[in-house]
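Participant: Provided herewith: upload.csv, CSV, C-alpha atoms and all ligand atoms.
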```
chain,number,residue,atom,x,y,z
I,3,MET,CA,-13.8,-2.0,19.3
I,4,PHE,CA,-10.3,-0.7,18.7
I,5,PHE,CA,-6.9,-2.2,18.4
I,6,GLY,CA,-5.1,0.9,19.7
I,7,GLY,CA,-1.6,1.4,18.4
I,8,HIS,CA,-1.8,-1.4,16.0
I,9,PRO,CA,0.9,-0.9,13.4
I,10,PHE,CA,-0.4,-0.7,9.8
I,11,GLY,CA,0.9,-4.0,8.6
I,12,GLY,CA,0.6,-5.6,5.3
I,13,GLY,CA,-2.5,-5.1,3.1
I,14,MET,CA,-3.1,-1.7,1.5
I,15,PRO,CA,-6.4,0.0,1.4
I,16,GLY,CA,-8.9,-1.5,-0.9
I,17,GLY,CA,-7.3,-4.9,-0.9
I,18,MET,CA,-8.9,-8.0,0.3
I,19,PRO,CA,-7.0,-10.9,1.9
I,20,GLY,CA,-6.6,-13.5,-0.7
I,21,GLY,CA,-8.4,-16.9,-0.7
I,22,SER,CA,-11.9,-17.4,0.5
I,23,GLY,CA,-12.2,-19.6,3.5
I,24,ARG,CA,-12.0,-23.4,3.3
I,25,ALA,CA,-14.2,-25.7,5.2
I,26,PRO,CA,-12.7,-26.5,8.6
I,27,SER,CA,-11.1,-29.9,8.8
I,28,SER,CA,-12.5,-32.1,11.5
I,29,ASP,CA,-9.1,-33.1,12.9
I,30,VAL,CA,-7.9,-29.7,14.2
I,31,ASP,CA,-5.4,-29.9,17.0
I,32,THR,CA,-6.5,-27.8,19.9
I,33,THR,CA,-4.5,-29.4,22.7
I,34,LYS,CA,-0.9,-28.9,21.7
I,35,LEU,CA,-0.5,-25.6,23.4
I,36,TYR,CA,-2.0,-26.9,26.6
I,37,GLU,CA,0.5,-29.8,26.5
I,38,THR,CA,3.3,-27.4,26.0
I,39,LEU,CA,2.5,-25.6,29.2
I,40,GLY,CA,1.6,-28.9,30.9
I,41,VAL,CA,-1.8,-27.7,32.0
I,42,ASP,CA,-5.3,-29.1,31.7
I,43,LYS,CA,-7.6,-27.8,28.9
I,44,ASN,CA,-9.9,-26.3,31.6
I,45,ALA,CA,-7.0,-24.6,33.4
I,46,ASP,CA,-7.8,-21.0,34.5
I,47,LYS,CA,-5.8,-18.0,33.9
I,48,LYS,CA,-3.9,-18.3,37.2
I,49,GLU,CA,-2.9,-21.9,36.6
I,50,ILE,CA,-1.7,-21.1,33.1
I,51,ARG,CA,0.4,-18.2,34.3
I,52,LYS,CA,1.8,-20.3,37.1
I,53,ALA,CA,2.8,-23.1,34.7
I,54,TYR,CA,4.3,-20.6,32.3
I,55,MET,CA,6.4,-18.9,35.1
I,56,LYS,CA,7.7,-22.2,36.3
I,57,LEU,CA,8.6,-23.5,32.8
I,58,SER,CA,10.1,-20.3,31.6
I,59,ARG,CA,12.4,-20.3,34.7
I,60,THR,CA,13.7,-23.7,33.9
I,61,HIS,CA,13.9,-23.3,30.1
I,62,HIS,CA,15.2,-19.8,29.9
I,63,PRO,CA,18.2,-19.8,27.6
I,64,ASP,CA,20.1,-17.6,30.0
I,65,LYS,CA,19.8,-20.4,32.5
I,66,GLY,CA,21.0,-23.0,30.1
I,67,GLY,CA,17.6,-23.9,28.7
I,68,ASP,CA,16.8,-24.7,25.1
I,69,ALA,CA,16.0,-21.6,23.1
I,70,HIS,CA,13.5,-23.3,20.8
I,71,LYS,CA,11.7,-24.9,23.7
I,72,PHE,CA,11.6,-21.6,25.5
I,73,LYS,CA,10.1,-19.9,22.4
I,74,GLU,CA,7.5,-22.6,22.2
I,75,ILE,CA,6.5,-22.0,25.8
I,76,SER,CA,6.3,-18.3,25.3
I,77,ALA,CA,4.2,-18.6,22.2
I,78,ALA,CA,1.8,-21.0,23.9
I,79,TYR,CA,1.5,-18.7,26.8
I,80,GLU,CA,0.9,-15.7,24.6
I,81,ILE,CA,-2.1,-17.3,23.1
I,82,LEU,CA,-3.5,-19.0,26.1
I,83,SER,CA,-3.2,-16.0,28.3
I,84,ASP,CA,-5.3,-13.9,26.0
I,85,GLU,CA,-9.0,-14.8,26.3
I,86,GLU,CA,-9.9,-14.0,22.8
I,87,LYS,CA,-7.0,-15.8,21.2
I,88,ARG,CA,-7.5,-18.8,23.5
I,89,ALA,CA,-11.2,-19.0,22.5
I,90,GLN,CA,-10.1,-18.9,18.8
I,91,TYR,CA,-7.5,-21.6,19.5
I,92,ASP,CA,-10.0,-23.8,21.3
I,93,LYS,CA,-12.4,-23.6,18.4
I,94,TYR,CA,-10.1,-23.7,15.4
I,95,GLY,CA,-6.6,-24.6,16.5
I,96,LEU,CA,-3.6,-22.6,15.5
I,97,ASP,CA,-5.4,-21.7,12.3
I,98,GLY,CA,-7.8,-19.6,14.3
I,99,VAL,CA,-5.0,-17.5,15.7
I,100,SER,CA,-4.2,-15.2,12.9
I,101,GLY,CA,-0.7,-14.0,12.3
I,102,ASP,CA,-1.8,-10.4,13.1
I,103,ASP,CA,-2.8,-11.4,16.5
I,104,VAL,CA,0.4,-13.1,17.4
I,105,GLY,CA,2.3,-10.0,18.4
I,106,ALA,CA,5.9,-10.3,19.3
I,107,THR,CA,6.3,-13.9,18.1
I,108,GLY,CA,5.1,-13.3,14.6
I,109,GLY,CA,2.7,-15.8,12.9
I,110,GLU,CA,5.3,-17.4,10.7
I,111,ASP,CA,7.6,-18.3,13.6
I,112,LEU,CA,4.8,-19.6,15.6
I,113,PHE,CA,3.7,-22.0,12.9
I,114,SER,CA,7.2,-23.3,12.1
I,115,MET,CA,7.7,-23.7,15.8
I,116,PHE,CA,4.8,-26.1,16.2
I,117,PHE,CA,5.1,-27.8,12.9
I,118,GLY,CA,8.8,-27.9,12.5
I,119,GLY,CA,9.0,-25.3,9.7
I,120,GLY,CA,8.7,-26.2,6.0
I,121,GLY,CA,5.6,-27.6,4.3
I,122,ARG,CA,3.1,-25.5,6.0
I,123,SER,CA,2.8,-22.0,4.7
I,124,ARG,CA,1.0,-19.4,6.6
I,125,ARG,CA,-1.1,-18.5,3.6
I,126,SER,CA,-2.6,-21.9,3.0
I,127,ALA,CA,-3.3,-22.3,6.7
I,128,GLY,CA,-5.3,-19.1,6.9
I,129,PRO,CA,-7.4,-18.1,9.8
I,130,ARG,CA,-11.0,-19.2,9.6
I,131,LYS,CA,-12.2,-15.7,9.1
I,132,GLY,CA,-14.1,-14.2,6.3
I,133,PRO,CA,-12.5,-11.5,4.1
I,134,SER,CA,-11.9,-8.1,5.8
I,135,VAL,CA,-12.8,-5.0,4.0
I,136,ASN,CA,-10.7,-1.8,4.0
I,137,HIS,CA,-12.3,1.5,3.5
I,138,PRO,CA,-10.0,4.5,3.0
I,139,MET,CA,-11.2,7.4,5.0
I,140,LYS,CA,-10.1,11.0,4.1
I,141,VAL,CA,-9.6,13.0,7.3
I,142,SER,CA,-8.6,16.7,7.5
I,143,LEU,CA,-5.5,17.7,9.4
I,144,GLU,CA,-7.8,19.7,11.7
I,145,ASP,CA,-9.7,16.5,12.6
I,146,LEU,CA,-6.5,14.6,13.1
I,147,TYR,CA,-5.4,17.3,15.5
I,148,ASN,CA,-8.6,17.6,17.5
I,149,GLY,CA,-10.0,14.1,17.2
I,150,LYS,CA,-13.4,13.4,15.8
I,151,THR,CA,-16.2,10.9,15.9
I,152,VAL,CA,-17.8,10.2,12.5
I,153,LYS,CA,-20.9,8.2,12.0
I,154,LEU,CA,-20.7,6.1,8.9
I,155,ALA,CA,-23.4,3.8,7.6
I,156,VAL,CA,-22.3,0.4,6.1
I,157,ASN,CA,-24.4,-2.2,4.5
I,158,ARG,CA,-23.5,-5.8,5.5
I,159,LYS,CA,-24.8,-9.1,4.5
I,160,ILE,CA,-26.0,-11.2,7.4
I,161,ILE,CA,-27.1,-14.8,7.3
I,162,GLN,CA,-30.8,-15.5,7.7
I,163,GLY,CA,-31.7,-18.6,9.5
I,164,THR,CA,-29.4,-21.6,9.7
I,165,PRO,CA,-27.1,-22.4,6.8
I,166,VAL,CA,-27.7,-25.8,5.2
I,167,GLU,CA,-25.3,-28.1,3.5
I,168,CYS,CA,-25.1,-27.4,-0.2
I,169,THR,CA,-27.1,-30.0,-2.1
I,170,LYS,CA,-25.0,-29.8,-5.2
I,171,CYS,CA,-21.5,-30.4,-3.8
I,172,LYS,CA,-22.7,-32.0,-0.5
I,173,GLY,CA,-20.8,-29.5,1.5
I,174,GLN,CA,-17.5,-30.0,-0.3
I,175,GLY,CA,-17.4,-26.6,-2.0
I,176,ALA,CA,-16.1,-28.2,-5.1
I,177,ILE,CA,-17.5,-30.6,-7.7
I,178,MET,CA,-15.7,-33.3,-9.6
I,179,GLU,CA,-16.5,-33.4,-13.2
I,180,ILE,CA,-15.7,-36.4,-15.4
I,181,ARG,CA,-15.5,-35.8,-19.1
I,182,GLN,CA,-14.9,-38.0,-22.0
I,183,MET,CA,-12.3,-36.3,-24.1
I,184,GLY,CA,-12.2,-38.9,-26.8
I,185,PRO,CA,-12.4,-42.6,-27.3
I,186,GLY,CA,-11.1,-44.2,-24.1
I,187,MET,CA,-9.9,-40.8,-22.8
I,188,ILE,CA,-11.4,-39.5,-19.6
I,189,THR,CA,-10.4,-36.5,-17.6
I,190,GLN,CA,-11.4,-35.6,-14.2
I,191,MET,CA,-11.7,-31.9,-13.3
I,192,GLN,CA,-12.4,-30.2,-10.1
I,193,ARG,CA,-14.2,-26.9,-10.1
I,194,THR,CA,-15.7,-24.6,-7.5
I,195,CYS,CA,-19.3,-25.3,-6.8
I,196,ASP,CA,-21.4,-22.6,-8.5
I,197,GLN,CA,-24.4,-23.2,-6.3
I,198,CYS,CA,-22.7,-22.2,-3.1
I,199,GLY,CA,-19.7,-20.3,-4.4
I,200,GLY,CA,-17.3,-22.8,-2.8
I,201,GLN,CA,-18.6,-22.4,0.7
I,202,GLY,CA,-20.2,-25.8,0.9
I,203,GLN,CA,-23.1,-24.2,2.7
I,204,GLN,CA,-26.1,-22.5,1.4
I,205,CYS,CA,-28.0,-19.8,3.1
I,206,THR,CA,-30.1,-16.7,2.4
I,207,PHE,CA,-28.6,-13.4,3.2
I,208,LYS,CA,-30.3,-10.2,4.1
I,209,SER,CA,-28.7,-6.8,3.9
I,210,GLU,CA,-28.4,-5.0,7.2
I,211,ARG,CA,-27.7,-1.3,7.5
I,212,LYS,CA,-25.4,-0.6,10.4
I,213,VAL,CA,-24.2,2.8,11.6
I,214,LEU,CA,-20.7,2.7,12.9
I,215,GLU,CA,-19.2,5.3,15.1
I,216,VAL,CA,-15.7,5.8,13.8
I,217,HIS,CA,-13.6,7.4,16.4
I,218,VAL,CA,-10.6,9.3,14.9
I,219,GLU,CA,-8.1,9.6,17.8
I,220,LYS,CA,-6.1,12.8,18.3
I,221,GLY,CA,-2.8,12.5,16.5
I,222,MET,CA,-3.7,9.6,14.2
I,223,ARG,CA,-1.7,9.4,11.0
I,224,GLU,CA,-1.9,8.5,7.4
I,225,GLY,CA,-2.3,4.7,7.2
I,226,ASP,CA,-3.6,4.2,10.7
I,227,LYS,CA,-6.3,1.7,11.0
I,228,ILE,CA,-9.6,1.8,12.9
I,229,THR,CA,-10.9,-1.7,13.1
I,230,PHE,CA,-14.5,-2.9,13.7
I,231,SER,CA,-13.8,-6.6,14.5
I,232,GLY,CA,-16.2,-9.0,12.8
I,233,MET,CA,-18.3,-6.3,11.2
I,234,SER,CA,-17.8,-7.5,7.6
I,235,ASP,CA,-20.3,-9.7,5.7
I,236,GLU,CA,-21.3,-12.9,7.4
I,237,VAL,CA,-20.0,-16.0,5.7
I,238,PRO,CA,-21.2,-19.5,6.6
I,239,LYS,CA,-19.0,-21.6,8.8
I,240,MET,CA,-16.6,-18.7,9.3
I,241,GLU,CA,-16.2,-15.7,11.4
I,242,PRO,CA,-17.1,-12.5,9.7
I,243,GLY,CA,-14.0,-10.4,8.7
I,244,ASP,CA,-13.3,-7.0,10.0
I,245,ILE,CA,-14.2,-3.6,8.6
I,246,ASN,CA,-11.1,-1.4,8.7
I,247,PHE,CA,-11.1,2.3,8.1
I,248,ILE,CA,-7.7,3.4,6.9
I,249,ILE,CA,-6.8,7.0,7.6
I,250,GLN,CA,-5.9,9.2,4.6
I,251,GLU,CA,-4.7,12.6,5.5
I,252,LYS,CA,-6.1,15.4,3.5
I,253,GLU,CA,-3.6,18.0,2.3
I,254,HIS,CA,-3.7,21.2,4.3
I,255,GLU,CA,-3.3,24.6,2.7
I,256,LEU,CA,-0.8,25.9,5.3
I,257,PHE,CA,0.8,22.9,7.1
I,258,LYS,CA,2.8,20.0,5.9
I,259,ARG,CA,3.0,17.2,8.5
I,260,LYS,CA,5.8,14.7,9.3
I,261,GLY,CA,5.2,12.6,12.3
I,262,ALA,CA,4.0,14.9,15.0
I,263,ASP,CA,5.7,17.9,13.6
I,264,LEU,CA,4.2,20.6,11.4
I,265,LEU,CA,5.9,22.8,8.8
I,266,ALA,CA,4.7,26.1,7.4
I,267,VAL,CA,6.4,28.1,4.8
I,268,LYS,CA,6.6,31.9,5.3
I,269,THR,CA,7.8,34.4,2.8
I,270,VAL,CA,9.2,37.6,4.3
I,271,SER,CA,10.5,40.7,2.6
I,272,LEU,CA,14.1,41.7,3.0
I,273,ASN,CA,12.9,44.5,5.2
I,274,GLN,CA,11.0,42.1,7.5
I,275,ALA,CA,13.9,39.7,7.5
I,276,LEU,CA,16.2,42.4,8.8
I,277,CYS,CA,13.9,44.6,10.8
I,278,GLY,CA,11.4,42.2,12.2
I,279,PHE,CA,7.9,40.8,11.4
I,280,THR,CA,4.7,39.5,12.9
I,281,TRP,CA,2.7,36.7,11.4
I,282,LYS,CA,-0.8,35.7,12.4
I,283,VAL,CA,-1.4,32.0,12.0
I,284,LYS,CA,-4.7,30.1,12.5
I,285,HIS,CA,-3.8,26.9,14.3
I,286,LEU,CA,-5.6,23.6,13.7
I,287,ASP,CA,-7.6,23.9,16.9
I,288,GLY,CA,-8.9,27.4,16.0
I,289,ARG,CA,-6.5,29.4,18.2
I,290,THR,CA,-4.7,32.3,16.6
I,291,LEU,CA,-1.0,32.4,17.1
I,292,VAL,CA,0.9,35.5,16.4
I,293,ILE,CA,4.5,34.6,15.5
I,294,LYS,CA,6.6,37.6,16.3
I,295,SER,CA,10.3,38.0,15.8
I,296,ARG,CA,12.4,39.2,18.7
I,297,PRO,CA,14.2,42.5,18.5
I,298,GLY,CA,17.4,42.0,16.6
I,299,GLU,CA,16.4,38.6,15.2
I,300,VAL,CA,17.5,38.2,11.6
I,301,ILE,CA,15.9,35.8,9.1
I,302,LYS,CA,18.4,34.5,6.6
I,303,PRO,CA,17.9,33.1,3.1
I,304,GLU,CA,19.5,29.8,4.2
I,305,MET,CA,21.2,28.1,7.2
I,306,ASN,CA,24.8,28.8,7.8
I,307,THR,CA,25.7,25.2,6.9
I,308,LYS,CA,27.8,23.7,4.2
I,309,GLU,CA,24.7,22.2,2.5
I,310,ALA,CA,22.8,25.5,2.1
I,311,LEU,CA,19.7,24.1,3.9
I,312,PRO,CA,16.6,26.2,4.0
I,313,PHE,CA,16.4,28.6,6.9
I,314,VAL,CA,14.0,27.2,9.5
I,315,LYS,CA,12.9,28.2,13.0
I,316,VAL,CA,10.6,26.4,15.4
I,317,VAL,CA,7.7,27.2,17.7
I,318,PRO,CA,8.2,24.5,20.3
I,319,ASP,CA,5.2,22.2,21.3
I,320,GLU,CA,2.8,23.7,18.7
I,321,GLY,CA,2.8,20.6,16.5
I,322,MET,CA,0.4,17.7,16.4
I,323,PRO,CA,-0.7,15.8,19.5
I,324,SER,CA,0.8,12.4,19.8
I,325,LYS,CA,-1.6,9.5,19.4
I,326,GLY,CA,-2.3,7.9,22.8
I,327,ASN,CA,-0.7,10.8,24.6
I,328,PRO,CA,-2.2,14.0,23.2
I,329,PHE,CA,-0.6,16.2,25.7
I,330,VAL,CA,2.8,15.6,24.2
I,331,ARG,CA,2.9,17.5,21.0
I,332,GLY,CA,5.4,17.9,18.2
I,333,ASN,CA,6.8,21.2,17.1
I,334,MET,CA,5.8,23.8,14.5
I,335,TYR,CA,8.6,24.5,12.1
I,336,VAL,CA,8.6,27.7,10.0
I,337,MET,CA,10.6,27.6,6.8
I,338,PHE,CA,11.5,31.0,5.6
I,339,ARG,CA,11.8,32.5,2.1
I,340,VAL,CA,13.3,35.9,2.0
I,341,GLU,CA,12.1,38.0,-0.9
I,342,PHE,CA,14.8,40.5,-2.1
I,343,PRO,CA,13.9,43.6,-4.0
I,344,ASN,CA,14.2,43.2,-7.8
I,345,ASP,CA,16.8,45.0,-10.0
I,346,ASN,CA,16.1,48.8,-10.2
I,347,GLU,CA,13.5,48.5,-7.5
I,348,LEU,CA,15.6,50.5,-5.0
I,349,PRO,CA,15.9,54.2,-5.8
I,350,LYS,CA,19.5,55.5,-5.9
I,351,GLU,CA,18.9,57.6,-2.8
I,352,VAL,CA,17.7,54.5,-0.9
I,353,VAL,CA,20.7,52.6,-2.0
I,354,ALA,CA,23.0,55.4,-0.8
I,355,GLU,CA,21.2,55.4,2.6
I,356,LEU,CA,21.4,51.7,2.9
I,357,ARG,CA,25.1,51.7,2.1
I,358,LYS,CA,25.6,54.0,5.0
I,359,LEU,CA,23.2,52.1,7.3
I,360,LEU,CA,23.9,48.4,6.7
I,361,PRO,CA,27.1,46.8,8.1
I,362,GLU,CA,30.1,46.0,5.9
I,363,PRO,CA,29.5,48.2,2.8
I,364,ASP,CA,31.5,47.5,-0.4
I,365,VAL,CA,35.0,48.8,-0.2
I,366,PRO,CA,36.0,49.9,-3.8
I,367,GLU,CA,38.8,47.7,-5.2
I,368,ASN,CA,41.9,49.5,-6.1
I,369,TYR,CA,42.8,49.0,-9.8
I,370,ASN,CA,43.8,50.7,-13.1
I,371,PRO,CA,40.9,50.2,-15.6
I,372,ASP,CA,43.4,49.9,-18.5
I,373,GLU,CA,45.2,47.0,-16.9
I,374,VAL,CA,42.1,44.9,-16.0
I,375,GLU,CA,38.9,43.8,-17.6
I,376,GLU,CA,35.6,44.9,-16.2
I,377,VAL,CA,32.8,42.4,-16.7
I,378,HIS,CA,29.1,42.3,-15.7
I,379,LEU,CA,26.8,39.6,-14.6
I,380,SER,CA,23.9,38.1,-16.7
I,381,PRO,CA,21.0,36.1,-15.5
I,382,ALA,CA,21.7,32.4,-15.2
I,383,ASP,CA,20.3,29.0,-14.1
I,384,LEU,CA,22.4,26.6,-12.1
I,385,ARG,CA,21.0,23.7,-14.1
I,386,SER,CA,23.1,24.9,-17.0
I,387,PHE,CA,26.2,24.7,-15.0
I,388,GLY,CA,28.6,22.4,-16.8
I,389,LYS,CA,27.0,22.8,-20.2
I,390,GLY,CA,29.0,25.7,-21.4
I,391,GLY,CA,31.6,25.6,-24.1
I,392,ALA,CA,31.5,23.9,-27.5
I,393,SER,CA,29.9,20.4,-27.3
I,394,HIS,CA,32.4,17.9,-26.2
I,395,SER,CA,33.2,14.9,-28.5
I,396,SER,CA,33.6,12.2,-25.9
I,397,ASN,CA,31.3,9.2,-26.1
I,398,GLU,CA,29.0,10.2,-23.2
I,399,ALA,CA,28.3,13.5,-24.7
I,400,HIS,CA,27.6,11.7,-27.9
I,401,ASP,CA,24.9,9.6,-26.4
I,402,GLU,CA,23.2,12.5,-24.7
I,403,ASP,CA,23.0,14.5,-27.9
I,404,GLU,CA,21.7,11.7,-30.0
I,405,GLU,CA,18.0,12.4,-29.3
I,406,GLY,CA,18.0,16.1,-29.5
I,407,GLY,CA,20.6,17.1,-32.0
I,408,GLY,CA,21.0,14.5,-34.7
I,409,GLN,CA,22.9,16.9,-36.8
I,410,GLN,CA,25.5,17.6,-34.2
I,411,VAL,CA,26.2,13.9,-34.0
I,412,GLN,CA,26.8,13.7,-37.7
I,413,CYS,CA,29.3,16.5,-37.5
I,414,GLN,CA,31.2,14.7,-34.8
I,415,GLN,CA,31.4,11.5,-36.8
I,416,SER,CA,32.7,13.0,-39.9
M,501,ZN,ZN,-22.0,-26.3,-3.2
```
In structure tokens, how does this file's structure come out?
Facilitator:
Amino acid sequence: MFFGGHPFGGGMPGGMPGGSGRAPSSDVDTTKLYETLGVDKNADKKEIRKAYMKLSRTHHPDKGGDAHKFKEISAAYEILSDEEKRAQYDKYGLDGVSGDDVGATGGEDLFSMFFGGGGRSRRSAGPRKGPSVNHPMKVSLEDLYNGKTVKLAVNRKIIQGTPVECTKCKGQGAIMEIRQMGPGMITQMQRTCDQCGGQGQQCTFKSERKVLEVHVEKGMREGDKITFSGMSDEVPKMEPGDINFIIQEKEHELFKRKGADLLAVKTVSLNQALCGFTWKVKHLDGRTLVIKSRPGEVIKPEMNTKEALPFVKVVPDEGMPSKGNPFVRGNMYVMFRVEFPNDNELPKEVVAELRKLLPEPDVPENYNPDEVEEVHLSPADLRSFGKGGASHSSNEAHDEDEEGGGQQVQCQQS
């Protein structure tokens, strides 16, 4: 079962939600939400909806109603209108409706709404659900493009027979230990029961091998979660947690991905940049695209912008399919690098020809060599820009030099 489009919230892969479950308290409130909507506990969907519509009309803040009351009504409706959440609530109260499941309202708000804030933290309330397990799953970009079903075998512990109350802790999950520390000194310590591991219940487990069909949807992204609800190990008195597969996108040799867009880097020669090129690209679905420049199209070393951005062009709609709507695709960006010939690689005759052929040739400057200085260029690195001249004796320069050139520092101090 899938929670399509569920945002990847909270826990990172590999992590387990903290805190093993606690025994359910007997006095769980499972009526409050019904009272809020003013319906009977056995009310059907229609009645619940009708009650909600009526209440929300009278209590809507736009119509002068109380905003808090309205939120309470909405939250109650959100849970009771959802069969699964309602069943959880009926069994375990608000504890059973985990924060994740309470979509728009958010778990935290919901709890403070019904318990007047403060004193009841979400963490300590905890849904009565066993720990979930996250499995990272590496998926190639091709598989994320085309979609794929992978069969994966998992081993899970399932309870054999009926769990019985732990004899050692009598179902408490913890044992009180009284110790005499010295004459007249007694301490009382509570520790987790070692016989049942704090569950208060004892049972025998057997291992079950289960093959899961993991369906990787077209367009899924890094961090997307594929959930198998209740497929984790069984735990007495609790619902089994979920098994989540977390998508990890494998690096692709040609494409980088951002959202639904793809980016490929293409190096062209100066000749190709000026005179045209064709480039055969194997797409992620196996098609071969031939990217072909139009007559007269020029590929430049960078964009004509102030920031000197890399030169990119785009093949529209050849990016990744969108998750949930695979027919809407992103774009394929091509970032160009123009490779110029090296020094002395162009024969004199070629240069002479090019000078004639290419637009805007050099117009010799008019000057008297005795009155000016002719200089030449040497190779350079922009990272050295600003480091020329004799070292400066200000304090900042001082600090910078301290590690590398101790001697220099001494000179400056003397
Ligand atoms: Zn025990």
Participant: Give me, as a list in words, all polymer residues having an atom no more than 9 Å from Val41 of chain I, counting only C-alpha atoms and skipping those fewer than 5 positions away in the same chain.
Facilitator: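 With the cut-off at 9 Å, the set is Leu35, Tyr36, Glu49, Ile50 and Ala53 of chain I.
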Participant: Taking all atoms listed in the file into account, list the residues no farther than 10 Å from ligand ZN 501 (chain M), as a PyMOL selection string.
Facilitator: chain I and resi 167-177+194-204
Participant: When you count only C-alpha atoms, which of these residues is closest to Ala77 of chain I: I:Met139, I:Gly225, I:Ala45, I:Thr38?
Facilitator: I:Thr38
Participant: Rank nothing, just name the residue among I:Val283, I:Met187, I:Leu96, I:Val135 nearest to Gly232 of chain I, using all atoms listed in the file.
Facilitator: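 Closest residue, counting all atoms listed in the file: I:Val135.
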Participant: Hey, which of I:His217, I:Lys65, I:His378, I:His137 ends up closest to Asn246 of chain I? Count all atoms listed in the file.
Facilitator: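 Smallest separation from Asn246 of chain I among the options: I:His137.
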Participant: Taking all atoms listed in the file into account, which of I:Lys260, I:Lys220, I:Lys350, I:Arg158 comes nearest Gly332 of chain I?
Facilitator: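 So, comparing all the options, the nearest one is I:Lys260.
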Participant: What is the distance, in Å and to one decimal place, between atom CA of Ser209 of chain I and atom CA of Lys159 of chain I?
Facilitator: 4.6 Å
Participant: Calculated over all atoms listed in the file, which of the candidates I:Thr280, I:Lys48, I:Thr60, I:Glu37 has the smallest distance to Ala78 of chain I?
Facilitator: I:Glu37
Participant: From the set I:Ala392, I:Leu146, I:Leu286, I:Val377, which residue has the shortest atom-to-atom contact distance to Gln250 of chain I, counting all atoms listed in the file?
Facilitator: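 Among I:Ala392, I:Leu146, I:Leu286, I:Val377, it is I:Leu146 that comes nearest to Gln250 of chain I.
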Participant: Name all residues at most 10 Å from Phe257 of chain I (count all atoms listed in the file; drop same-chain ones fewer than 3 positions away) and give them as a list of chain:residue names.
Facilitator: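 Within the cut-off, the hits are I:Leu143, I:Glu253, I:His254, I:Lys260, I:Asp263, I:Leu264, I:Leu265, I:Ala266, I:Val267, I:His285, I:Leu286, I:Gly321, I:Met334, I:Tyr335, I:Val336.
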Participant: Record the distance separating atom CA of Ile228 of chain I and atom CA of Val152 of chain I, expressed in Å with one decimal.
Facilitator: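 Distance reported for this atom pair: 11.7 Å.
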Participant: Could you jot down the atom CA of Glu179 of chain I to atom CA of Cys205 of chain I separation for me, Å, one decimal place?
Facilitator: 24.1 Å
Participant: Can you tell me, as a ChimeraX atom specification, what residues are no more than 10 Å from Lys47 of chain I when counting only C-alpha atoms, ignoring any on the same chain fewer than 5 positions away?
Facilitator: /I:52,82-85
